[in-house]
$ cat input-v3.cif   # mmCIF, C-alpha atoms
data_final
#
loop_
_atom_site.label_atom_id
_atom_site.label_comp_id
_atom_site.auth_asym_id
_atom_site.auth_seq_id
_atom_site.Cartn_x
_atom_site.Cartn_y
_atom_site.Cartn_z
CA MET A 57 115.51 137.73 -64.16
CA ALA A 58 113.86 140.63 -62.36
CA HIS A 59 111.95 140.87 -59.10
CA VAL A 60 108.70 142.70 -59.87
CA LEU A 61 106.82 144.20 -56.92
CA VAL A 62 103.14 144.85 -57.72
CA LEU A 63 100.83 146.90 -55.50
CA ALA A 64 97.24 146.39 -56.60
CA PHE A 65 94.17 148.39 -55.67
CA PRO A 66 91.67 146.13 -53.85
CA ALA A 67 88.84 146.13 -56.40
CA THR A 68 87.97 143.50 -58.99
CA GLY A 69 87.95 146.02 -61.83
CA HIS A 70 91.52 147.02 -60.99
CA ILE A 71 92.96 143.58 -60.25
CA ASN A 72 91.46 141.56 -63.12
CA PRO A 73 93.25 143.44 -65.96
CA THR A 74 96.61 142.78 -64.31
CA LEU A 75 96.18 139.01 -63.93
CA PRO A 76 97.17 138.08 -67.52
CA VAL A 77 100.16 140.43 -67.22
CA LEU A 78 101.30 138.65 -64.06
CA THR A 79 100.94 135.32 -65.85
CA VAL A 80 103.16 136.49 -68.73
CA LEU A 81 105.82 137.90 -66.38
CA VAL A 82 105.93 134.66 -64.36
CA ALA A 83 106.12 132.58 -67.55
CA ARG A 84 109.13 134.65 -68.63
CA GLY A 85 110.92 133.65 -65.45
CA HIS A 86 110.50 136.83 -63.41
CA ARG A 87 109.88 136.73 -59.70
CA VAL A 88 106.59 138.54 -59.10
CA SER A 89 105.38 139.62 -55.65
CA VAL A 90 101.85 141.04 -55.47
CA VAL A 91 100.47 143.04 -52.54
CA VAL A 92 96.72 142.41 -52.08
CA PRO A 93 94.23 141.80 -49.28
CA GLU A 94 93.69 138.17 -48.25
CA GLN A 95 90.40 137.81 -50.18
CA TYR A 96 92.29 138.08 -53.47
CA ARG A 97 94.97 135.53 -52.59
CA SER A 98 93.67 132.58 -54.62
CA THR A 99 92.91 134.75 -57.66
CA VAL A 100 96.43 136.15 -57.75
CA GLU A 101 98.23 132.94 -56.81
CA ALA A 102 96.63 131.25 -59.84
CA THR A 103 98.96 133.39 -62.00
CA GLY A 104 102.03 131.91 -60.33
CA ALA A 105 102.86 135.10 -58.47
CA ARG A 106 103.76 135.25 -54.79
CA VAL A 107 101.13 137.00 -52.67
CA LEU A 108 101.95 139.45 -49.87
CA THR A 109 98.81 140.24 -47.92
CA TYR A 110 97.99 143.26 -45.77
CA PRO A 111 95.10 144.25 -43.46
CA SER A 112 92.88 146.12 -45.91
CA MET A 113 90.11 148.47 -44.81
CA VAL A 114 88.00 147.53 -47.85
CA PRO A 115 85.00 145.29 -47.03
CA THR A 116 85.28 141.67 -48.12
CA ASP A 117 81.53 141.64 -48.74
CA TRP A 118 79.68 144.57 -50.34
CA SER A 119 76.21 143.09 -49.87
CA GLY A 120 73.81 145.63 -48.42
CA VAL A 121 76.09 148.55 -49.32
CA ASP A 122 74.34 150.92 -51.73
CA ILE A 123 76.69 152.95 -53.91
CA PRO A 124 75.36 156.47 -54.58
CA ARG A 125 75.03 157.42 -58.25
CA HIS A 126 75.63 161.09 -57.53
CA PRO A 127 77.90 161.40 -54.47
CA ASP A 128 77.87 164.80 -52.79
CA ALA A 129 80.92 166.87 -51.81
CA GLU A 130 81.03 165.29 -48.35
CA GLN A 131 81.05 161.76 -49.75
CA LEU A 132 83.67 162.59 -52.37
CA ALA A 133 86.05 164.14 -49.85
CA LYS A 134 85.67 161.28 -47.40
CA ALA A 135 86.21 158.74 -50.18
CA GLN A 136 89.42 160.51 -51.20
CA CYS A 137 90.75 160.44 -47.65
CA ASP A 138 89.78 156.77 -47.24
CA THR A 139 91.58 155.93 -50.49
CA VAL A 140 94.77 157.57 -49.26
CA ARG A 141 94.57 155.65 -45.98
CA GLU A 142 93.90 152.36 -47.80
CA THR A 143 96.72 152.74 -50.29
CA LEU A 144 99.26 153.52 -47.57
CA THR A 145 98.12 150.63 -45.36
CA PRO A 146 100.28 147.99 -47.13
CA LEU A 147 103.57 149.76 -46.33
CA PRO A 148 104.39 148.03 -43.00
CA SER A 149 103.53 144.61 -44.46
CA VAL A 150 105.63 145.19 -47.57
CA VAL A 151 108.59 146.36 -45.53
CA ALA A 152 108.36 143.28 -43.28
CA ASP A 153 107.89 140.81 -46.14
CA LEU A 154 110.79 142.26 -48.12
CA ASP A 155 113.12 142.07 -45.11
CA VAL A 156 114.23 145.69 -44.73
CA ASN A 157 117.24 145.80 -42.45
CA ALA A 158 117.99 148.17 -39.61
CA ASP A 159 119.68 150.66 -41.93
CA GLY A 160 116.57 150.93 -44.08
CA ASP A 161 118.14 149.04 -46.99
CA VAL A 162 116.34 146.18 -48.68
CA ASP A 163 118.14 142.86 -48.44
CA GLY A 164 119.72 142.03 -51.80
CA SER A 165 117.73 138.80 -52.31
CA GLU A 166 114.41 140.55 -51.78
CA ARG A 167 115.03 143.95 -53.30
CA PRO A 168 112.60 144.65 -56.18
CA ASP A 169 113.94 145.76 -59.54
CA VAL A 170 110.75 147.62 -60.45
CA VAL A 171 107.57 148.71 -58.68
CA VAL A 172 104.28 148.32 -60.53
CA TYR A 173 101.28 150.03 -58.99
CA ASP A 174 97.69 150.88 -59.79
CA VAL A 175 96.93 154.50 -60.61
CA LEU A 176 94.24 154.60 -57.91
CA GLY A 177 96.41 152.77 -55.39
CA SER A 178 99.41 154.93 -56.17
CA ALA A 179 100.40 156.19 -52.73
CA ALA A 180 102.37 153.19 -51.44
CA GLY A 181 103.75 152.21 -54.84
CA ARG A 182 104.91 155.70 -55.77
CA LEU A 183 106.35 156.26 -52.32
CA LEU A 184 108.37 153.02 -52.42
CA SER A 185 109.67 153.69 -55.93
CA LEU A 186 110.89 157.13 -54.82
CA ALA A 187 112.27 156.10 -51.44
CA TRP A 188 114.06 153.02 -52.81
CA ASP A 189 115.07 154.80 -56.04
CA LEU A 190 113.47 152.17 -58.28
CA PRO A 191 111.91 152.44 -61.75
CA SER A 192 108.13 152.24 -61.75
CA VAL A 193 105.20 151.38 -64.00
CA VAL A 194 101.70 152.71 -63.31
CA THR A 195 98.77 150.55 -64.42
CA CYS A 196 95.57 152.31 -65.47
CA PRO A 197 92.36 150.29 -65.94
CA THR A 198 90.32 153.25 -67.17
CA PHE A 199 90.68 156.76 -68.64
CA VAL A 200 93.81 158.72 -67.78
CA GLY A 201 94.85 162.37 -67.88
CA ASN A 202 97.99 164.27 -68.73
CA GLU A 203 99.29 167.82 -68.30
CA THR A 204 96.98 169.23 -70.98
CA PHE A 205 93.94 166.94 -71.08
CA SER A 206 91.76 165.05 -68.64
CA PRO A 207 88.29 163.65 -69.35
CA TYR A 208 87.53 164.03 -65.65
CA ALA A 209 88.46 167.70 -65.55
CA ARG A 210 86.36 168.28 -68.64
CA ALA A 211 83.40 166.53 -67.02
CA VAL A 212 83.73 168.70 -63.92
CA ALA A 213 84.03 171.88 -66.01
CA GLU A 214 80.90 170.95 -67.97
CA GLY A 215 78.94 170.22 -64.81
CA GLU A 216 78.67 166.49 -65.51
CA ALA A 217 80.70 165.51 -62.44
CA GLU A 218 81.82 166.98 -59.15
CA ALA A 219 85.28 167.31 -57.65
CA PRO A 220 85.97 167.18 -53.92
CA ASP A 221 86.55 170.56 -52.28
CA PRO A 222 90.29 170.91 -51.49
CA ALA A 223 89.36 172.89 -48.37
CA HIS A 224 87.12 170.16 -47.00
CA PRO A 225 88.50 168.80 -43.67
CA ALA A 226 88.75 165.28 -45.10
CA MET A 227 90.83 166.54 -48.03
CA VAL A 228 93.06 168.53 -45.67
CA GLU A 229 93.48 165.39 -43.60
CA ALA A 230 94.40 163.36 -46.70
CA GLY A 231 97.10 165.90 -47.53
CA ALA A 232 98.45 165.76 -43.99
CA ILE A 233 98.60 161.96 -44.10
CA LEU A 234 100.60 162.07 -47.33
CA ARG A 235 102.90 164.78 -46.01
CA SER A 236 103.65 162.70 -42.93
CA ALA A 237 104.35 159.60 -45.01
CA LEU A 238 106.69 161.46 -47.34
CA ASP A 239 108.61 162.95 -44.41
CA THR A 240 108.85 159.56 -42.68
CA TRP A 241 110.37 158.01 -45.79
CA GLY A 242 112.97 160.74 -46.27
CA LEU A 243 111.12 162.54 -49.06
CA SER A 244 110.64 165.90 -47.37
CA ASP A 245 111.49 167.87 -50.51
CA VAL A 246 108.75 166.16 -52.56
CA THR A 247 105.60 168.26 -52.45
CA VAL A 248 102.23 166.63 -51.88
CA GLY A 249 101.00 168.20 -55.11
CA ASP A 250 103.79 166.70 -57.22
CA PHE A 251 103.40 163.36 -55.47
CA VAL A 252 99.65 163.14 -56.10
CA ALA A 253 100.00 164.29 -59.69
CA GLY A 254 102.66 161.69 -60.39
CA SER A 255 104.57 164.33 -62.27
CA GLY A 256 107.63 162.12 -62.44
CA ASP A 257 105.92 158.95 -63.71
CA ARG A 258 107.77 157.69 -66.79
CA CYS A 259 105.52 154.80 -67.85
CA ARG A 260 101.78 154.32 -67.64
CA VAL A 261 100.25 151.14 -69.00
CA VAL A 262 96.65 151.82 -69.99
CA PHE A 263 94.33 148.83 -70.37
CA LEU A 264 92.35 150.21 -73.31
CA PRO A 265 93.22 151.04 -76.91
CA ARG A 266 94.26 154.57 -77.78
CA ALA A 267 91.39 154.71 -80.31
CA PHE A 268 88.86 154.40 -77.47
CA HIS A 269 90.38 157.16 -75.33
CA PRO A 270 89.08 160.75 -75.60
CA GLY A 271 91.83 163.21 -76.46
CA GLU A 272 93.98 160.32 -77.65
CA ASP A 273 96.30 162.57 -79.67
CA THR A 274 97.43 164.45 -76.54
CA PHE A 275 99.21 161.47 -74.95
CA ASP A 276 102.93 160.99 -75.49
CA GLU A 277 105.20 157.93 -75.34
CA ARG A 278 104.88 157.68 -71.55
CA PHE A 279 101.41 156.24 -72.07
CA ARG A 280 101.33 152.68 -73.41
CA PHE A 281 97.80 151.91 -74.60
CA VAL A 282 98.03 148.13 -74.57
CA GLY A 283 94.29 147.47 -74.69
CA PRO A 284 92.33 145.06 -72.49
CA CYS A 285 94.14 142.07 -71.02
CA LEU A 286 91.62 139.24 -71.11
CA ARG A 287 92.07 136.03 -69.17
CA SER A 288 92.86 133.26 -71.64
CA GLY A 289 90.35 130.44 -71.34
CA ALA A 290 88.39 132.22 -68.63
CA ASP A 291 84.81 131.01 -68.13
CA ASP A 292 85.24 128.33 -70.84
CA ASP A 293 83.11 125.84 -68.94
CA GLY A 294 80.87 128.29 -67.15
CA TRP A 295 77.87 128.65 -69.46
CA SER A 296 76.18 127.28 -72.59
CA PRO A 297 73.83 129.16 -74.97
CA PRO A 298 70.12 128.31 -74.92
CA ALA A 299 68.70 125.72 -77.31
CA SER A 300 65.93 128.16 -78.26
CA GLY A 301 68.19 130.09 -80.61
CA ARG A 302 66.88 133.39 -79.22
CA PRO A 303 69.36 136.29 -79.31
CA VAL A 304 71.28 136.33 -76.04
CA VAL A 305 71.38 139.60 -74.11
CA LEU A 306 73.82 139.78 -71.21
CA VAL A 307 72.67 142.04 -68.37
CA SER A 308 75.00 143.16 -65.59
CA LEU A 309 75.40 146.19 -63.36
CA GLY A 310 78.79 145.09 -62.06
CA THR A 311 79.85 143.71 -58.71
CA LEU A 312 78.70 146.59 -56.50
CA GLY A 313 75.18 147.43 -55.39
CA TYR A 314 73.72 150.70 -56.71
CA ASP A 315 70.59 152.63 -55.78
CA ASP A 316 67.43 151.10 -57.31
CA SER A 317 69.32 148.27 -59.03
CA ALA A 318 66.41 145.88 -58.65
CA ALA A 319 63.94 148.17 -60.40
CA LEU A 320 66.35 148.79 -63.29
CA LEU A 321 67.08 145.09 -63.73
CA ARG A 322 63.36 144.29 -63.79
CA ARG A 323 62.82 146.82 -66.59
CA VAL A 324 65.76 145.45 -68.56
CA VAL A 325 64.44 141.89 -68.26
CA GLU A 326 61.04 143.04 -69.51
CA ALA A 327 62.67 144.85 -72.43
CA VAL A 328 64.68 141.78 -73.42
CA GLY A 329 61.47 139.77 -73.41
CA LYS A 330 59.77 142.28 -75.69
CA ILE A 331 62.50 141.89 -78.35
CA GLY A 332 62.23 138.11 -78.17
CA GLY A 333 65.60 137.73 -76.51
CA HIS A 334 67.11 135.39 -73.94
CA ALA A 335 68.29 137.36 -70.88
CA VAL A 336 71.31 136.23 -68.89
CA VAL A 337 71.21 138.43 -65.81
CA SER A 338 73.84 138.98 -63.13
CA ILE A 339 71.70 140.02 -60.15
CA GLY A 340 74.44 140.35 -57.55
CA GLU A 341 72.81 140.81 -54.16
CA VAL A 342 69.34 141.61 -55.55
CA ASP A 343 66.66 139.28 -54.22
CA PRO A 344 65.58 137.04 -57.12
CA ALA A 345 62.04 137.10 -55.74
CA VAL A 346 61.60 140.67 -56.99
CA PHE A 347 61.57 139.36 -60.55
CA GLY A 348 58.59 137.07 -60.00
CA ASP A 349 58.06 134.22 -62.45
CA VAL A 350 60.52 135.08 -65.22
CA GLY A 351 60.00 132.09 -67.48
CA GLU A 352 62.46 129.92 -69.40
CA HIS A 353 63.97 132.75 -71.44
CA VAL A 354 65.48 134.50 -68.41
CA GLU A 355 68.47 133.25 -66.40
CA LEU A 356 69.11 134.83 -63.01
CA HIS A 357 72.61 134.35 -61.58
CA ARG A 358 74.39 135.86 -58.59
CA ARG A 359 77.50 136.03 -60.76
CA VAL A 360 77.76 135.40 -64.49
CA PRO A 361 80.73 133.86 -66.36
CA GLN A 362 80.81 137.02 -68.41
CA LEU A 363 83.33 136.08 -71.09
CA ALA A 364 81.53 132.81 -71.79
CA VAL A 365 78.24 134.63 -72.32
CA LEU A 366 79.81 137.38 -74.43
CA ARG A 367 81.06 134.77 -76.89
CA HIS A 368 77.40 134.20 -77.83
CA ALA A 369 75.77 137.56 -76.99
CA ALA A 370 73.91 139.81 -79.41
CA ALA A 371 73.99 142.77 -77.01
CA PHE A 372 75.14 143.70 -73.52
CA VAL A 373 73.13 145.91 -71.17
CA SER A 374 75.90 147.18 -68.92
CA HIS A 375 76.69 149.65 -66.15
CA ALA A 376 79.51 150.93 -68.41
CA GLY A 377 82.35 149.69 -66.27
CA MET A 378 85.55 149.88 -68.29
CA ASN A 379 86.39 146.19 -67.92
CA SER A 380 82.92 145.15 -69.05
CA THR A 381 83.09 147.61 -71.94
CA MET A 382 86.45 146.32 -73.13
CA GLU A 383 85.36 142.68 -72.78
CA ALA A 384 82.22 143.36 -74.83
CA LEU A 385 84.07 145.18 -77.61
CA SER A 386 86.78 142.51 -77.64
CA HIS A 387 84.02 140.04 -78.52
CA GLY A 388 82.29 142.34 -81.02
CA VAL A 389 79.22 142.86 -78.84
CA PRO A 390 77.38 146.23 -78.97
CA LEU A 391 76.42 147.92 -75.72
CA VAL A 392 73.39 149.54 -74.16
CA ASP A 393 74.88 151.43 -71.24
CA VAL A 394 72.97 152.48 -68.12
CA ALA A 395 75.85 154.15 -66.26
CA GLN A 396 75.57 154.33 -62.49
CA THR A 397 78.39 156.72 -61.53
CA GLY A 398 80.24 159.71 -62.95
CA GLU A 399 83.18 157.72 -64.31
CA GLN A 400 80.84 155.19 -65.87
CA ARG A 401 78.94 158.02 -67.54
CA LEU A 402 82.19 159.09 -69.19
CA VAL A 403 82.65 155.56 -70.53
CA ALA A 404 79.05 155.39 -71.74
CA ASP A 405 79.39 158.74 -73.48
CA GLN A 406 82.50 157.52 -75.29
CA VAL A 407 80.78 154.27 -76.32
CA GLU A 408 77.97 156.31 -77.86
CA ALA A 409 80.33 158.89 -79.42
CA LEU A 410 82.19 156.08 -81.18
CA ASP A 411 78.88 154.49 -82.27
CA CYS A 412 79.66 151.26 -80.42
CA GLY A 413 76.37 151.37 -78.54
CA ARG A 414 73.82 153.63 -76.91
CA ALA A 415 73.82 155.38 -73.53
CA LEU A 416 70.66 155.65 -71.42
CA ASP A 417 69.88 157.08 -68.02
CA PRO A 418 69.33 154.41 -65.32
CA SER A 419 65.73 155.71 -65.07
CA ALA A 420 65.10 154.72 -68.72
CA SER A 421 61.70 153.21 -69.42
CA VAL A 422 61.11 149.74 -70.78
CA GLU A 423 60.20 151.33 -74.13
CA ALA A 424 63.51 153.25 -74.25
CA LEU A 425 65.44 150.08 -73.44
CA VAL A 426 63.58 148.17 -76.16
CA ALA A 427 64.37 150.89 -78.71
CA ALA A 428 68.06 150.93 -77.76
CA LEU A 429 68.35 147.14 -77.93
CA ASP A 430 66.65 147.06 -81.31
CA GLU A 431 68.93 149.80 -82.61
CA VAL A 432 72.28 148.35 -81.51
CA ARG A 433 71.30 144.97 -82.94
CA SER A 434 70.09 146.28 -86.32
CA SER A 435 72.21 149.36 -87.07
CA ASP A 436 74.81 148.88 -89.81
CA SER A 437 76.86 151.78 -88.44
CA VAL A 438 76.96 150.29 -84.95
CA ALA A 439 77.97 146.91 -86.35
CA ALA A 440 80.77 148.51 -88.39
CA ALA A 441 82.03 150.59 -85.44
CA VAL A 442 82.06 147.62 -83.07
CA ALA A 443 83.85 145.43 -85.62
CA ALA A 444 86.47 148.12 -86.20
CA MET A 445 87.07 148.60 -82.48
CA ARG A 446 87.33 144.84 -82.01
CA GLN A 447 90.05 144.73 -84.65
CA VAL A 448 91.90 147.61 -83.01
CA ILE A 449 91.72 145.90 -79.62
CA HIS A 450 93.17 142.68 -80.97
CA SER A 451 96.10 144.56 -82.49
CA THR A 452 97.18 146.51 -79.40
CA GLY A 453 99.25 143.80 -77.72
CA GLY A 454 97.37 143.26 -74.45
CA ALA A 455 99.18 141.38 -71.68
CA VAL A 456 102.30 140.75 -73.76
CA ALA A 457 102.71 144.46 -74.50
CA ALA A 458 102.13 145.31 -70.83
CA ALA A 459 104.76 142.79 -69.72
CA ASP A 460 107.15 144.23 -72.32
CA ALA A 461 106.66 147.67 -70.74
CA VAL A 462 107.54 146.32 -67.30
CA GLU A 463 110.68 144.66 -68.64
CA ALA A 464 111.64 147.83 -70.49
CA ALA A 465 111.39 149.79 -67.24
CA VAL A 466 113.76 147.35 -65.56
CA LEU A 467 116.26 147.46 -68.42
CA SER A 468 116.19 151.24 -68.73
CA GLY A 469 116.65 151.75 -65.02
CA VAL A 470 115.04 155.17 -65.47
CA ARG A 471 113.96 156.62 -62.15
CA SER A 472 111.43 159.36 -61.57
CA PRO A 473 113.09 162.80 -61.59
CA VAL A 474 111.13 163.49 -58.39
CA ALA A 475 113.36 160.89 -56.78
CA ALA A 476 116.37 163.17 -57.07
CA HIS A 477 115.97 164.36 -53.51
#

$ encode --input "input-v3.cif" --output "structure tokens"
Amino acid sequence: MAHVLVLAFPATGHINPTLPVLTVLVARGHRVSVVVPEQYRSTVEATGARVLTYPSMVPTDWSGVDIPRHPDAEQLAKAQCDTVRETLTPLPSVVADLDVNADGDVDGSERPDVVVYDVLGSAAGRLLSLAWDLPSVVTCPTFVGNETFSPYARAVAEGEAEAPDPAHPAMVEAGAILRSALDTWGLSDVTVGDFVAGSGDRCRVVFLPRAFHPGEDTFDERFRFVGPCLRSGADDDGWSPPASGRPVVLVSLGTLGYDDSAALLRRVVEAVGKIGGHAVVSIGEVDPAVFGDVGEHVELHRRVPQLAVLRHAAAFVSHAGMNSTMEALSHGVPLVDVAQTGEQRLVADQVEALDCGRALDPSASVEALVAALDEVRSSDSVAAAVAAMRQVIHSTGGAVAAADAVEAAVLSGVRSPVAAH
């Protein structure tokens, strides 16, 4: 059996899709070591994997932190530099936990057979796979790009999103940090550009179906579109539908706090009331007092057992996070998306383009929300599109296909050509 080293990115939307994959790998007898901050220990250990923790710079509590919907160039550049720092932080802990000897070789009993790492948290994972000459698998919880197509590049070109300025001091600093890390690990002939681009990556596991991805025909066999990996039995006992029989509308803006979330949630609750629905609302850190007396047809929760609610939902008013989108479509639930960030706007646009829901601006009025909810619940074309996507999702393979890809990487022993240094 193989030793699988997994380096996760410390965010719920990146860790959750990997959990069923870890469970499958452990069940097949593989030894799985997962590098995460301490706050994710219990979540990961529930899969049977061994947890290796490191001192993350990511806050354990995001309450009171407002996420900008339209970050400026300064914020984008700083975020990029912070991401590089964060994703290199685990290296000393990994080296210590895996018992690297004085010669820089990994002890035989601890040496991984494959490195699996998140596309956003790629720095440490890619560096280790190159330095230790190991096969690798990149996990991608959202849209991806290749040499000829990127939805993000298209969004920037069309003025729908911004890209950080390469000349910004924070971006220059990020490049210098990577250059230093590459040199330290004996990879002086690997350019920062090639390293960041992942030009040598041989396998990317994408947690969405090919049919949902823009430009799907441009992706070759390196990209394994396995679809969403849902947690079996998750939230089974977490929620029960109302006795009223009203159509259930799930409402969630994700786990982070965004500008003006409270005002948007209030409008959504009012809209659900106007269509005679039962609102199940994840309010996060929003003060429930701002909603006033909501009545018996509104449930306010800090966190919602999302999968349990989706099993009974008629619609989902969502921030267009990819995990939420895939969970909704897996359950045949149409979406009304009020995207908060640039990436989420790409997801919302694709949902609407595929007729699986409607996309609105977060400033949408109660009347616009009512119209969108009525439409996604009554439209024959939306119902047909959602049903078709649900069928596609359930045929993609999910966690089993993702685990197969990891095993295939081990068996092939194919290393990145960039590693030929």

$ residues_around --input "input-v3.cif" --residues "range 201-203 of chain A" --least-positions-apart "4" --cutoff "10 Å" --atoms "all atoms listed in the file" --output "ChimeraX atom specification"
/A:207-209,253-255,270-271,274-276,278-279

$ closest_residue --input "input-v3.cif" --among "A:Gly104, A:Arg84, A:Ser308, A:Ile449" --to "Leu391 in chain A" --atoms "only C-alpha atoms"
A:Ser308

$ resolve_selection --input "input-v3.cif" --expression "the PyMOL selection byres ((chain A and resi 392-394) around 7)" --output "list in words"
Phe372, Val373, Ser374, His375, Ala376, Leu391, Ala395, Gln396, Ala404, Gly413, Arg414, Ala415, Leu416, Asp417, Pro418, Ala428 and Leu429 of chain A

$ residues_around --input "input-v3.cif" --residues "Asp138 in chain A" --least-positions-apart "4" --cutoff "12 Å" --atoms "only C-alpha atoms" --output "PyMOL selection string"
chain A and resi 112-114+131-134+142-145+176-177+179+226-227+229-231+233

$ write_last_selection --input "input-v3.cif" --atoms "C-alpha atoms" --output "tab-separated table (two decimals), in the frame of the given file"
chain	number	residue	atom	x	y	z
A	112	SER	CA	92.88	146.12	-45.91
A	113	MET	CA	90.11	148.47	-44.81
A	114	VAL	CA	88.00	147.53	-47.85
A	131	GLN	CA	81.05	161.76	-49.75
A	132	LEU	CA	83.67	162.59	-52.37
A	133	ALA	CA	86.05	164.14	-49.85
A	134	LYS	CA	85.67	161.28	-47.40
A	142	GLU	CA	93.90	152.36	-47.80
A	143	THR	CA	96.72	152.74	-50.29
A	144	LEU	CA	99.26	153.52	-47.57
A	145	THR	CA	98.12	150.63	-45.36
A	176	LEU	CA	94.24	154.60	-57.91
A	177	GLY	CA	96.41	152.77	-55.39
A	179	ALA	CA	100.40	156.19	-52.73
A	226	ALA	CA	88.75	165.28	-45.10
A	227	MET	CA	90.83	166.54	-48.03
A	229	GLU	CA	93.48	165.39	-43.60
A	230	ALA	CA	94.40	163.36	-46.70
A	231	GLY	CA	97.10	165.90	-47.53
A	233	ILE	CA	98.60	161.96	-44.10

$ atom_distance --input "input-v3.cif" --atom1 "CA of Ser296 in chain A" --atom2 "CA of His368 in chain A"
8.8 Å

$ closest_residue --input "input-v3.cif" --among "A:Gln136, A:Ser185, A:Ser89, A:Thr204" --to "Glu166 in chain A" --atoms "all atoms listed in the file"
A:Ser89

$ closest_residue --input "input-v3.cif" --among "A:Glu130, A:Asp257, A:Val328, A:Asp221" --to "Leu186 in chain A" --atoms "all atoms listed in the file"
A:Asp257

$ resolve_selection --input "input-v3.cif" --expression "the PyMOL selection byres ((chain A and resi 262) around 8)" --output "PyMOL selection string"
chain A and resi 195-200+260-261+263-265+279-283

$ write_last_selection --input "input-v3.cif" --atoms "C-alpha atoms" --output "mmCIF file, in the coordinates of the input"
data_model
loop_
_atom_site.group_PDB
_atom_site.id
_atom_site.type_symbol
_atom_site.label_atom_id
_atom_site.label_comp_id
_atom_site.auth_asym_id
_atom_site.auth_seq_id
_atom_site.Cartn_x
_atom_site.Cartn_y
_atom_site.Cartn_z
ATOM 1 C CA THR A 195 98.770 150.550 -64.420
ATOM 2 C CA CYS A 196 95.570 152.310 -65.470
ATOM 3 C CA PRO A 197 92.360 150.290 -65.940
ATOM 4 C CA THR A 198 90.320 153.250 -67.170
ATOM 5 C CA PHE A 199 90.680 156.760 -68.640
ATOM 6 C CA VAL A 200 93.810 158.720 -67.780
ATOM 7 C CA ARG A 260 101.780 154.320 -67.640
ATOM 8 C CA VAL A 261 100.250 151.140 -69.000
ATOM 9 C CA PHE A 263 94.330 148.830 -70.370
ATOM 10 C CA LEU A 264 92.350 150.210 -73.310
ATOM 11 C CA PRO A 265 93.220 151.040 -76.910
ATOM 12 C CA PHE A 279 101.410 156.240 -72.070
ATOM 13 C CA ARG A 280 101.330 152.680 -73.410
ATOM 14 C CA PHE A 281 97.800 151.910 -74.600
ATOM 15 C CA VAL A 282 98.030 148.130 -74.570
ATOM 16 C CA GLY A 283 94.290 147.470 -74.690
#
